[in-house]
$ cat data.cif   # mmCIF, C-alpha atoms
data_target
#
loop_
_atom_site.label_atom_id
_atom_site.label_comp_id
_atom_site.auth_asym_id
_atom_site.auth_seq_id
_atom_site.Cartn_x
_atom_site.Cartn_y
_atom_site.Cartn_z
CA MET A 1 230.02 276.35 80.95
CA LYS A 2 226.61 275.61 82.46
CA PHE A 3 223.34 277.11 81.40
CA GLY A 4 219.68 276.24 81.22
CA THR A 5 216.60 277.83 79.82
CA THR A 6 214.94 277.67 83.21
CA GLY A 7 217.60 279.85 84.78
CA ILE A 8 218.00 277.36 87.64
CA LEU A 9 221.73 276.95 88.14
CA CYS A 10 223.50 274.16 89.93
CA ALA A 11 224.42 274.56 93.61
CA ALA A 12 228.11 274.52 92.81
CA PHE A 13 227.67 277.47 90.47
CA GLY A 14 225.73 279.37 93.11
CA ALA A 15 228.51 278.75 95.61
CA ALA A 16 231.08 279.93 93.10
CA ILE A 17 229.19 283.18 92.57
CA ALA A 18 228.89 283.71 96.31
CA ALA A 19 232.59 283.10 96.77
CA GLY A 20 233.41 285.36 93.85
CA SER A 21 231.40 288.25 95.26
CA ALA A 22 233.78 288.45 98.20
CA GLN A 23 236.86 288.73 95.99
CA PRO A 24 238.46 291.92 94.69
CA ALA A 25 237.18 293.22 91.35
CA SER A 26 240.39 292.22 89.58
CA ALA A 27 239.92 288.59 90.64
CA GLN A 28 236.25 288.58 89.67
CA ALA A 29 237.13 289.84 86.22
CA GLN A 30 238.66 286.51 85.34
CA GLU A 31 235.10 285.21 84.96
CA LEU A 32 232.88 287.05 82.51
CA ARG A 33 229.25 286.37 83.30
CA ILE A 34 226.95 286.97 80.34
CA GLY A 35 223.19 286.72 80.56
CA PHE A 36 221.43 285.70 77.37
CA ILE A 37 217.72 286.45 76.98
CA ALA A 38 215.95 284.62 74.15
CA PRO A 39 212.56 283.00 73.46
CA MET A 40 213.24 279.30 74.02
CA THR A 41 209.54 278.42 74.14
CA GLY A 42 206.50 279.81 72.32
CA ILE A 43 206.07 280.87 68.70
CA PHE A 44 209.59 282.34 68.46
CA ALA A 45 211.38 279.30 69.91
CA GLN A 46 213.21 278.52 66.65
CA VAL A 47 214.48 282.09 66.55
CA GLY A 48 215.70 281.72 70.13
CA LYS A 49 217.50 278.49 69.34
CA ASP A 50 219.25 280.13 66.38
CA MET A 51 220.32 283.00 68.62
CA VAL A 52 221.83 280.75 71.28
CA ASP A 53 223.44 278.45 68.71
CA GLY A 54 225.13 281.35 66.95
CA PHE A 55 226.60 282.72 70.17
CA ASN A 56 227.67 279.27 71.36
CA LEU A 57 229.39 278.47 68.07
CA TYR A 58 231.71 281.45 68.47
CA LEU A 59 232.24 280.67 72.15
CA GLU A 60 233.21 277.13 71.20
CA GLU A 61 235.77 278.49 68.73
CA THR A 62 237.44 280.50 71.51
CA LYS A 63 237.33 277.51 73.90
CA GLY A 64 235.01 279.34 76.26
CA GLU A 65 237.24 282.39 76.80
CA PHE A 66 237.00 286.00 75.66
CA GLY A 67 240.33 287.78 75.85
CA GLY A 68 241.51 285.52 78.66
CA ALA A 69 238.33 285.80 80.73
CA LYS A 70 236.42 282.56 81.29
CA VAL A 71 232.89 283.01 79.97
CA ARG A 72 229.87 281.77 81.89
CA LEU A 73 226.79 282.02 79.70
CA ILE A 74 223.42 281.95 81.46
CA VAL A 75 220.45 281.53 79.12
CA GLU A 76 216.99 282.72 80.20
CA ASP A 77 213.73 282.08 78.36
CA SER A 78 211.83 285.29 77.60
CA GLN A 79 208.98 283.36 75.91
CA GLY A 80 208.92 286.24 73.41
CA LYS A 81 207.21 288.47 76.00
CA PRO A 82 208.65 291.89 76.99
CA ASP A 83 207.49 291.68 80.62
CA THR A 84 209.02 288.22 81.02
CA ALA A 85 212.27 289.49 79.48
CA VAL A 86 212.41 292.29 82.06
CA THR A 87 211.88 289.82 84.91
CA LYS A 88 214.65 287.59 83.58
CA ALA A 89 217.01 290.54 83.10
CA LYS A 90 216.56 291.61 86.71
CA LYS A 91 217.18 288.04 87.86
CA LEU A 92 220.39 287.90 85.82
CA ILE A 93 221.63 291.19 87.27
CA LEU A 94 220.63 290.77 90.90
CA GLN A 95 220.99 287.02 91.40
CA ASP A 96 223.57 285.93 88.85
CA LYS A 97 225.63 289.15 89.00
CA VAL A 98 226.16 289.28 85.24
CA GLN A 99 228.33 292.04 83.83
CA MET A 100 226.13 292.22 80.74
CA PHE A 101 223.03 290.76 79.17
CA VAL A 102 222.46 290.09 75.49
CA GLY A 103 219.41 289.43 73.37
CA GLY A 104 215.70 289.97 73.27
CA VAL A 105 213.81 289.66 69.99
CA LEU A 106 210.83 291.96 69.53
CA ALA A 107 211.30 295.72 69.18
CA SER A 108 209.01 296.12 72.19
CA THR A 109 211.36 293.90 74.21
CA GLY A 110 214.30 296.15 73.34
CA TYR A 111 212.37 299.19 74.54
CA ALA A 112 211.53 297.33 77.77
CA LEU A 113 215.07 296.08 78.50
CA ALA A 114 217.02 299.29 77.86
CA PRO A 115 215.70 301.07 81.00
CA VAL A 116 216.64 298.02 83.11
CA SER A 117 220.19 298.40 81.86
CA THR A 118 220.22 302.05 82.91
CA ALA A 119 218.66 301.48 86.31
CA ASP A 120 221.12 298.73 87.24
CA LYS A 121 224.16 300.14 85.40
CA THR A 122 224.58 296.90 83.50
CA VAL A 123 225.58 296.58 79.85
CA TYR A 124 222.76 295.60 77.51
CA ILE A 125 223.72 294.44 74.01
CA ALA A 126 220.75 294.34 71.64
CA SER A 127 221.74 291.71 69.11
CA VAL A 128 218.23 291.41 67.63
CA PRO A 129 215.74 294.08 68.86
CA ALA A 130 215.63 296.58 66.02
CA ALA A 131 213.51 299.36 67.58
CA ASP A 132 214.66 302.47 65.69
CA ASP A 133 214.61 304.96 68.52
CA LEU A 134 216.83 302.95 70.85
CA THR A 135 219.78 304.45 68.96
CA GLN A 136 218.29 307.71 67.82
CA ARG A 137 216.60 310.41 69.91
CA ASP A 138 216.89 309.08 73.46
CA LEU A 139 220.30 307.43 73.57
CA SER A 140 221.44 309.61 76.48
CA LYS A 141 218.92 307.71 78.62
CA TYR A 142 220.74 304.45 77.90
CA PRO A 143 224.46 304.92 78.67
CA TYR A 144 225.10 301.16 79.04
CA PHE A 145 223.33 300.18 75.83
CA ILE A 146 224.83 299.22 72.47
CA ARG A 147 223.25 297.55 69.47
CA THR A 148 225.05 294.96 67.34
CA GLY A 149 222.11 294.20 65.03
CA TRP A 150 220.21 296.90 63.14
CA THR A 151 217.39 299.39 63.23
CA SER A 152 214.09 298.24 61.74
CA SER A 153 214.20 300.81 58.95
CA GLN A 154 217.93 300.49 58.18
CA PRO A 155 217.78 297.78 55.46
CA HIS A 156 214.49 299.07 54.11
CA HIS A 157 215.61 302.52 53.07
CA PRO A 158 217.88 300.96 50.41
CA LEU A 159 215.16 298.42 49.57
CA GLY A 160 212.76 301.29 48.89
CA GLN A 161 215.36 302.88 46.62
CA TRP A 162 215.93 299.54 44.88
CA ALA A 163 212.20 299.05 44.28
CA CYS A 164 211.99 302.51 42.75
CA ASP A 165 214.99 301.75 40.53
CA GLN A 166 213.19 298.64 39.24
CA GLY A 167 210.41 300.83 37.91
CA TYR A 168 207.73 300.02 40.50
CA LYS A 169 205.32 302.94 40.79
CA ARG A 170 202.55 301.72 43.10
CA ILE A 171 203.08 299.28 45.97
CA ALA A 172 200.66 297.95 48.59
CA ALA A 173 202.06 297.11 52.03
CA ILE A 174 200.92 294.37 54.41
CA ALA A 175 202.83 293.98 57.66
CA ALA A 176 202.58 292.68 61.21
CA ASP A 177 200.71 295.16 63.39
CA TYR A 178 203.33 296.23 65.94
CA ALA A 179 206.31 298.59 66.30
CA PHE A 180 208.72 296.56 64.16
CA GLY A 181 206.22 296.35 61.32
CA TYR A 182 205.55 300.10 61.45
CA GLU A 183 209.25 300.97 61.35
CA VAL A 184 210.04 298.55 58.51
CA VAL A 185 207.16 299.83 56.38
CA GLY A 186 208.03 303.40 57.32
CA GLY A 187 211.63 303.11 56.15
CA PHE A 188 210.61 301.47 52.89
CA GLN A 189 207.83 303.97 52.25
CA LYS A 190 210.01 307.00 52.94
CA ALA A 191 212.76 306.01 50.52
CA PHE A 192 210.33 304.65 47.89
CA GLU A 193 208.24 307.80 47.85
CA ASP A 194 211.24 310.11 47.99
CA CYS A 195 212.34 308.72 44.63
CA GLY A 196 208.92 309.00 43.03
CA GLY A 197 207.02 305.85 44.03
CA ARG A 198 203.67 305.68 45.78
CA LEU A 199 202.64 303.45 48.67
CA VAL A 200 198.94 303.01 47.94
CA GLN A 201 197.80 300.83 50.86
CA LYS A 202 198.74 299.70 54.37
CA ILE A 203 197.21 296.52 55.80
CA TRP A 204 197.99 295.51 59.38
CA PRO A 205 197.21 291.87 60.36
CA PRO A 206 197.78 291.24 64.08
CA LEU A 207 201.04 289.72 65.27
CA GLY A 208 200.67 285.94 65.18
CA THR A 209 198.04 285.86 62.42
CA LYS A 210 197.69 282.40 60.87
CA ASP A 211 194.88 282.94 58.37
CA PHE A 212 195.42 285.80 55.91
CA GLY A 213 192.18 285.01 54.08
CA PRO A 214 190.42 288.16 55.31
CA TYR A 215 193.30 290.40 54.20
CA ILE A 216 194.45 289.06 50.83
CA PRO A 217 191.27 289.98 48.88
CA THR A 218 191.63 293.59 50.04
CA ILE A 219 195.04 294.09 48.37
CA LYS A 220 194.60 296.73 45.68
CA ALA A 221 194.55 295.19 42.22
CA ASP A 222 196.28 298.19 40.60
CA ALA A 223 199.43 297.89 42.76
CA ASP A 224 202.58 296.85 40.86
CA ALA A 225 203.79 294.72 43.77
CA VAL A 226 203.24 293.87 47.42
CA PHE A 227 205.65 294.88 50.17
CA THR A 228 205.36 292.57 53.18
CA LEU A 229 206.89 292.27 56.62
CA MET A 230 206.16 289.09 58.55
CA VAL A 231 207.79 287.54 61.62
CA GLY A 232 207.83 284.09 63.21
CA PRO A 233 205.37 281.57 61.71
CA MET A 234 203.65 284.41 59.82
CA ALA A 235 206.64 284.47 57.44
CA LEU A 236 205.91 280.89 56.37
CA GLN A 237 202.19 281.28 55.98
CA PHE A 238 201.71 284.59 54.19
CA PRO A 239 203.52 283.99 50.86
CA LYS A 240 202.04 280.50 50.57
CA GLN A 241 198.50 281.77 51.11
CA LEU A 242 199.04 284.78 48.85
CA ARG A 243 200.29 282.67 45.94
CA SER A 244 197.57 280.06 46.53
CA SER A 245 195.01 282.84 46.06
CA GLY A 246 196.28 283.33 42.52
CA TYR A 247 198.34 286.47 43.14
CA LYS A 248 201.14 286.59 40.54
CA LYS A 249 202.68 290.04 40.93
CA PRO A 250 206.09 290.55 42.58
CA ILE A 251 206.50 290.27 46.34
CA VAL A 252 209.11 292.42 48.07
CA GLY A 253 209.76 291.54 51.70
CA GLY A 254 211.22 293.05 54.83
CA GLY A 255 214.30 291.36 56.25
CA THR A 256 212.66 288.74 58.44
CA SER A 257 210.07 287.70 55.83
CA TYR A 258 212.55 285.46 54.00
CA ASP A 259 215.28 284.97 56.58
CA GLU A 260 216.93 281.57 56.76
CA PHE A 261 215.12 280.68 59.98
CA ALA A 262 212.06 280.22 57.74
CA LEU A 263 213.40 279.83 54.19
CA PRO A 264 214.30 276.09 54.40
CA PHE A 265 210.68 275.37 55.34
CA MET A 266 209.22 277.34 52.43
CA GLY A 267 208.21 275.97 49.05
CA ASP A 268 208.88 276.96 45.48
CA GLU A 269 206.17 279.60 45.72
CA VAL A 270 208.75 282.03 47.15
CA ILE A 271 211.25 281.67 44.28
CA GLY A 272 211.87 285.13 42.86
CA ASP A 273 210.77 287.02 45.96
CA VAL A 274 213.14 289.81 47.03
CA SER A 275 214.06 291.06 50.50
CA ALA A 276 216.82 293.07 52.20
CA LEU A 277 218.97 292.58 55.29
CA GLN A 278 222.55 292.92 56.50
CA TYR A 279 223.06 289.17 56.25
CA SER A 280 222.31 286.33 53.86
CA ALA A 281 223.56 282.77 54.22
CA ALA A 282 224.32 283.01 50.48
CA ILE A 283 226.91 285.81 50.78
CA ASP A 284 229.58 284.41 48.51
CA THR A 285 232.73 285.08 50.54
CA PRO A 286 235.24 282.63 52.05
CA LYS A 287 234.40 283.84 55.57
CA ASN A 288 230.68 283.26 55.17
CA ALA A 289 231.15 279.95 53.35
CA ALA A 290 233.25 278.69 56.28
CA PHE A 291 230.64 279.93 58.77
CA VAL A 292 227.74 278.29 56.91
CA LYS A 293 229.56 274.96 56.64
CA LYS A 294 230.62 274.92 60.29
CA TYR A 295 227.20 276.00 61.56
CA ARG A 296 225.40 273.50 59.35
CA ALA A 297 227.69 270.65 60.35
CA LYS A 298 227.01 271.33 64.03
CA TYR A 299 223.32 272.24 64.00
CA ASN A 300 222.09 270.55 60.79
CA LYS A 301 220.62 273.75 59.33
CA VAL A 302 221.70 276.84 57.44
CA PRO A 303 222.43 279.79 59.76
CA SER A 304 219.81 282.51 59.90
CA TYR A 305 220.33 286.19 60.53
CA PHE A 306 219.51 285.42 64.16
CA SER A 307 222.45 283.00 64.21
CA GLU A 308 224.89 285.37 62.53
CA THR A 309 224.04 288.46 64.56
CA ASN A 310 224.69 286.61 67.83
CA TYR A 311 227.85 284.96 66.49
CA THR A 312 229.08 288.44 65.53
CA THR A 313 227.99 289.83 68.90
CA ALA A 314 230.16 287.22 70.60
CA GLN A 315 233.03 288.23 68.32
CA MET A 316 232.61 291.87 69.31
CA ILE A 317 232.52 291.07 73.03
CA HIS A 318 235.67 289.01 72.54
CA GLU A 319 237.45 291.87 70.77
CA ALA A 320 236.48 294.36 73.49
CA MET A 321 237.67 291.99 76.22
CA LYS A 322 240.95 291.43 74.38
CA GLY A 323 241.43 295.19 74.45
CA ALA A 324 240.88 295.09 78.22
CA LYS A 325 243.31 292.14 78.54
CA GLY A 326 240.56 289.96 79.99
CA LYS A 327 239.82 292.31 82.89
CA TRP A 328 236.29 293.63 83.17
CA PRO A 329 236.76 297.40 82.66
CA GLY A 330 233.38 298.49 83.99
CA SER A 331 230.16 299.06 82.07
CA GLU A 332 230.87 302.52 80.65
CA ALA A 333 234.41 301.68 79.54
CA PHE A 334 233.26 298.41 77.97
CA VAL A 335 230.55 300.10 75.92
CA LYS A 336 233.00 302.80 74.82
CA SER A 337 235.52 300.16 73.75
CA MET A 338 232.95 298.13 71.88
CA ALA A 339 231.57 301.20 70.07
CA ALA A 340 235.07 301.94 68.74
CA LEU A 341 235.42 298.53 67.07
CA LYS A 342 235.81 298.00 63.35
CA ILE A 343 235.66 294.32 62.51
CA ASP A 344 235.52 292.01 59.53
CA ALA A 345 232.45 289.98 60.43
CA VAL A 346 230.69 287.11 58.69
CA ARG A 347 228.21 289.66 57.32
CA GLY A 348 231.04 291.90 56.06
CA PRO A 349 232.72 295.03 57.50
CA VAL A 350 231.01 296.42 60.61
CA SER A 351 231.66 299.63 62.54
CA PHE A 352 229.50 301.85 64.75
CA ASP A 353 228.10 305.34 64.35
CA ASP A 354 228.13 307.93 67.14
CA MET A 355 224.78 306.57 68.38
CA ARG A 356 226.18 303.04 68.97
CA ASN A 357 224.38 301.49 66.03
CA PRO A 358 226.14 299.35 63.41
CA VAL A 359 227.15 300.62 59.99
CA HIS A 360 227.36 297.70 57.56
CA ASN A 361 226.45 296.42 54.12
CA ILE A 362 222.82 295.94 53.18
CA TYR A 363 222.16 293.10 50.77
CA ILE A 364 219.23 292.97 48.35
CA LYS A 365 218.44 289.25 48.17
CA LYS A 366 216.44 287.18 45.70
CA VAL A 367 215.17 283.71 46.54
CA GLU A 368 216.62 281.18 44.10
CA LYS A 369 216.80 277.41 44.05
CA LYS A 370 220.37 276.31 43.41
CA ARG A 371 223.45 274.58 44.77
CA MET A 372 225.89 276.53 46.94
CA PHE A 373 229.06 275.91 48.92
CA GLY A 374 229.47 272.36 47.59
CA TYR A 375 226.17 270.99 48.91
CA ASP A 376 224.78 268.32 46.60
CA LYS A 377 221.13 269.18 46.12
CA PRO A 378 219.46 272.39 44.94
CA GLU A 379 218.01 274.37 47.85
CA LEU A 380 216.41 277.75 48.42
CA TRP A 381 219.02 280.46 48.97
CA ASN A 382 218.82 284.24 49.36
CA THR A 383 221.12 285.11 46.46
CA VAL A 384 222.65 288.59 46.80
CA ILE A 385 221.69 290.62 43.73
CA LYS A 386 222.86 294.04 44.93
CA THR A 387 225.01 295.34 47.78
CA TYR A 388 224.65 298.79 49.32
CA PRO A 389 227.93 299.29 51.22
CA ASN A 390 228.35 300.95 54.63
CA VAL A 391 224.69 301.76 55.27
CA GLY A 392 223.93 303.64 58.46
CA GLN A 393 220.63 304.08 60.23
CA PHE A 394 220.03 307.54 58.75
CA TRP A 395 220.47 306.37 55.13
CA THR A 396 221.33 309.31 52.84
CA TYR A 397 219.27 311.83 54.79
CA GLY A 398 221.90 312.80 57.34
CA LYS A 399 221.44 312.49 61.07
CA ASP A 400 220.13 315.99 61.77
CA ALA A 401 217.58 316.01 58.97
CA PHE A 402 216.41 312.47 59.78
CA LEU A 403 215.84 313.20 63.46
CA LYS A 404 213.63 316.18 62.67
CA GLN A 405 210.92 313.79 61.50
CA PRO A 406 208.81 311.67 63.89
CA VAL A 407 209.67 308.06 64.64
CA TYR A 408 208.24 305.76 61.98
CA SER A 409 204.83 304.58 63.20
CA ARG A 410 201.48 303.25 62.06
CA ASP A 411 200.64 306.77 60.87
CA PHE A 412 204.04 308.13 59.80
CA PRO A 413 204.80 308.55 57.02
CA PRO A 414 201.12 309.19 56.30
CA CYS A 415 199.59 307.09 53.54
CA LYS A 416 198.80 310.09 51.36
CA HIS A 417 198.31 307.92 48.25
CA CYS A 418 195.98 305.40 49.86
#
$ encode --input "data.cif" --output "C-alpha cells"
Amino acid sequence: MKFGTTGILCAAFGAAIAAGSAQPASAQAQELRIGFIAPMTGIFAQVGKDMVDGFNLYLEETKGEFGGAKVRLIVEDSQGKPDTAVTKAKKLILQDKVQMFVGGVLASTGYALAPVSTADKTVYIASVPAADDLTQRDLSKYPYFIRTGWTSSQPHHPLGQWACDQGYKRIAAIAADYAFGYEVVGGFQKAFEDCGGRLVQKIWPPLGTKDFGPYIPTIKADADAVFTLMVGPMALQFPKQLRSSGYKKPIVGGGTSYDEFALPFMGDEVIGDVSALQYSAAIDTPKNAAFVKKYRAKYNKVPSYFSETNYTTAQMIHEAMKGAKGKWPGSEAFVKSMAALKIDAVRGPVSFDDMRNPVHNIYIKKVEKKRMFGYDKPELWNTVIKTYPNVGQFWTYGKDAFLKQPVYSRDFPPCKHC
C-alpha cells in the first residue's frame, strides 16, 4: 500500500492504474482504490492524523484486504479547506480512478464534497463531516453518499435532555461561528427548552479564535452553566481561559470540545466538565479496551473520536465488500449494501436509518482523572456517566415532525430568552 499526503504517486503505481483501466471490470475489482481526504497540514492536522491512523489500524488488521479485494489507500491533504477538498476529490476520481472517497472534517466540507460524489457517480463516505442536512431534506440529491459518523445535533439532543434532568434552568451558549457550531447549539437548545430549560445567550467567536478575552466577560452571570462547542485548538484554549478568569459554574460541552484529540493536552481545569458523543475512549467494554490498547501501542496516544469513526468506517467498507465477495458491485449497490449493515463496532451497536445516517448509542461523558485499562498513572478520561441507546438523528421527535422545522442555524431556534 502506497500513499502520500501530497497525492503524488510513484510511477509504478501510475502504470498499474493505466494497465488496470484496460482490464474488464471483474478484474479491476480485485483492487479497491479508496481516496482519503483529511487535513494533514494546518490547524486541524492532528485531527487528520487521527483519522488516517484509525483507518490504517483496521486495514493493518485485515492485512490490506477488504473481503478479498486488495486495498490501495490514497491520502490527500485538504488543509481543512472545503475548496481544496473538492479539488482533491476530483483528482482522486479522475486521475486515480478511486471507487470511493472517505473523509473531510468541517460540516462545510461535507456540503462541498457531496455534490462531487453525485456529479461523478462516485461513493462518498462522510466519516467526520456532521452537517445535519446531508442526511435529512436533500438526500435524493446525493445517491452515492452515506454517513458513518453523526449529525451535528444528534448527540446534543440527549445532552440537552440530560442538562434539563440535572436541574439546570438557564444556560448561556458560546460556540464556534460556523455551520457545525450552529447545529450543535441548535440541537442542544431545542431539547433543553422542550423540557423546560431556557437558553439565555448565544455568543459566536470566529472559527480559529485564540483569545477569548473579549467574550468571557459577556457571559451572563445569572446562567446556571455554560454550554460550549469548540473545535481544533479552540477546544484547548477556551476552558483554560474561562477557568483562569475565575468562572466556577459547570461547563457542558459539545462532542468535540473534550474529545480525546485534545483531552490529553488539557489540564486539571477540565475535571468535572461534561460532554456528549457516540464515542469515548473510556467506554468500559472488552472491545473498546482492546482497541484503545492496540491504538495506543502503535501511535503512542489514546484514540480520539476521529480515530474510532474512521476505524469503524473501514470495518463497514470491509463488511460491504465481504458481502460482494470482493468484487466491486458498483456505486449504487455498494451504498445500498452498506446502509443495510448492523455491526458491533468499537463505539457499540451501529445501524443505519432510511436516510443513510447511523443509529447508535450516545454517551454522556464526564472528565475524570483516574487509571483505566491497566495503565499505571492517573490520566484524564471521558468517563461514561449515562448512555442513551440507539439514538437517531431525529431524536424523539419523529422524522416527519422534525423535518417540518428549519435546519438548525445561527437564528434557529430563535433565542427567545436572550
$ residues_around --input "data.cif" --residues "A:Phe334" --least-positions-apart "3" --cutoff "10 Å" --atoms "only C-alpha atoms" --output "PyMOL selection string"
chain A and resi 99-100+123+144+317+320-321+323-324+328-331+337-339
$ residues_around --input "data.cif" --residues "A:Ala221" --least-positions-apart "3" --cutoff "10 Å" --atoms "only C-alpha atoms" --output "PyMOL selection string"
chain A and resi 172+217-218+224-225+247+249
$ residues_around --input "data.cif" --residues "A:Tyr397" --least-positions-apart "5" --cutoff "10 Å" --atoms "all atoms listed in the file" --output "VMD selection string"
chain A and resid 191 402 to 403
$ residues_around --input "data.cif" --residues "stretch 380-387 of chain A" --least-positions-apart "3" --cutoff "7 Å" --atoms "only C-alpha atoms" --output "PyMOL selection string"
chain A and resi 263-264+280-283+361-370
$ residues_around --input "data.cif" --residues "A:Ser307" --least-positions-apart "6" --cutoff "8 Å" --atoms "all atoms listed in the file" --output "list in words"
Asp50, Met51, Val52, Asp53, Gly54 and Phe55 of chain A
$ resolve_selection --input "data.cif" --expression "the PyMOL selection byres ((chain A and resi 85-94) around 7)" --output "list of chain:residue names"
A:Gly35, A:Ile37, A:Glu76, A:Ser78, A:Lys81, A:Pro82, A:Asp83, A:Thr84, A:Gln95, A:Asp96, A:Lys97, A:Val98, A:Thr109, A:Ala112, A:Leu113
$ closest_residue --input "data.cif" --among "A:Thr62, A:Gln136, A:Gln46, A:Ser304" --to "A:His318" --atoms "only C-alpha atoms"
A:Thr62
$ resolve_selection --input "data.cif" --expression "the PyMOL selection byres ((chain A and resi 127) around 12)" --output "mmCIF file with C-alpha atoms, keeping the file's coordinate frame"
data_model
loop_
_atom_site.group_PDB
_atom_site.id
_atom_site.type_symbol
_atom_site.label_atom_id
_atom_site.label_comp_id
_atom_site.auth_asym_id
_atom_site.auth_seq_id
_atom_site.Cartn_x
_atom_site.Cartn_y
_atom_site.Cartn_z
ATOM 1 C CA PHE A 36 221.430 285.700 77.370
ATOM 2 C CA ILE A 37 217.720 286.450 76.980
ATOM 3 C CA ALA A 38 215.950 284.620 74.150
ATOM 4 C CA GLY A 48 215.700 281.720 70.130
ATOM 5 C CA MET A 51 220.320 283.000 68.620
ATOM 6 C CA VAL A 52 221.830 280.750 71.280
ATOM 7 C CA GLY A 54 225.130 281.350 66.950
ATOM 8 C CA PHE A 55 226.600 282.720 70.170
ATOM 9 C CA PHE A 101 223.030 290.760 79.170
ATOM 10 C CA VAL A 102 222.460 290.090 75.490
ATOM 11 C CA GLY A 103 219.410 289.430 73.370
ATOM 12 C CA GLY A 104 215.700 289.970 73.270
ATOM 13 C CA VAL A 105 213.810 289.660 69.990
ATOM 14 C CA LEU A 106 210.830 291.960 69.530
ATOM 15 C CA ALA A 107 211.300 295.720 69.180
ATOM 16 C CA THR A 109 211.360 293.900 74.210
ATOM 17 C CA GLY A 110 214.300 296.150 73.340
ATOM 18 C CA TYR A 124 222.760 295.600 77.510
ATOM 19 C CA ILE A 125 223.720 294.440 74.010
ATOM 20 C CA ALA A 126 220.750 294.340 71.640
ATOM 21 C CA VAL A 128 218.230 291.410 67.630
ATOM 22 C CA PRO A 129 215.740 294.080 68.860
ATOM 23 C CA ALA A 130 215.630 296.580 66.020
ATOM 24 C CA ALA A 131 213.510 299.360 67.580
ATOM 25 C CA PHE A 145 223.330 300.180 75.830
ATOM 26 C CA ILE A 146 224.830 299.220 72.470
ATOM 27 C CA ARG A 147 223.250 297.550 69.470
ATOM 28 C CA THR A 148 225.050 294.960 67.340
ATOM 29 C CA GLY A 149 222.110 294.200 65.030
ATOM 30 C CA TRP A 150 220.210 296.900 63.140
ATOM 31 C CA THR A 151 217.390 299.390 63.230
ATOM 32 C CA TYR A 305 220.330 286.190 60.530
ATOM 33 C CA PHE A 306 219.510 285.420 64.160
ATOM 34 C CA SER A 307 222.450 283.000 64.210
ATOM 35 C CA GLU A 308 224.890 285.370 62.530
ATOM 36 C CA THR A 309 224.040 288.460 64.560
ATOM 37 C CA ASN A 310 224.690 286.610 67.830
ATOM 38 C CA TYR A 311 227.850 284.960 66.490
ATOM 39 C CA THR A 312 229.080 288.440 65.530
ATOM 40 C CA THR A 313 227.990 289.830 68.900
ATOM 41 C CA ALA A 314 230.160 287.220 70.600
ATOM 42 C CA GLN A 315 233.030 288.230 68.320
ATOM 43 C CA MET A 316 232.610 291.870 69.310
ATOM 44 C CA ILE A 317 232.520 291.070 73.030
ATOM 45 C CA ASN A 357 224.380 301.490 66.030
ATOM 46 C CA PRO A 358 226.140 299.350 63.410
#
$ resolve_selection --input "data.cif" --expression "the PyMOL selection byres ((chain A and resi 199) around 8)" --output "number ranges by chain"
A: 170-173, 189, 192-193, 197-198, 200-202, 415, 417-418
$ closest_residue --input "data.cif" --among "A:Leu32, A:Val47, A:Ala345, A:Met266" --to "A:Glu65" --atoms "all atoms listed in the file"
A:Leu32
$ closest_residue --input "data.cif" --among "A:Val116, A:Gly186, A:Lys169, A:Cys164" --to "A:Gln405" --atoms "only C-alpha atoms"
A:Gly186
$ atom_distance --input "data.cif" --atom1 "atom CA of A:Asp411" --atom2 "atom CA of A:Ser257"
21.9 Å
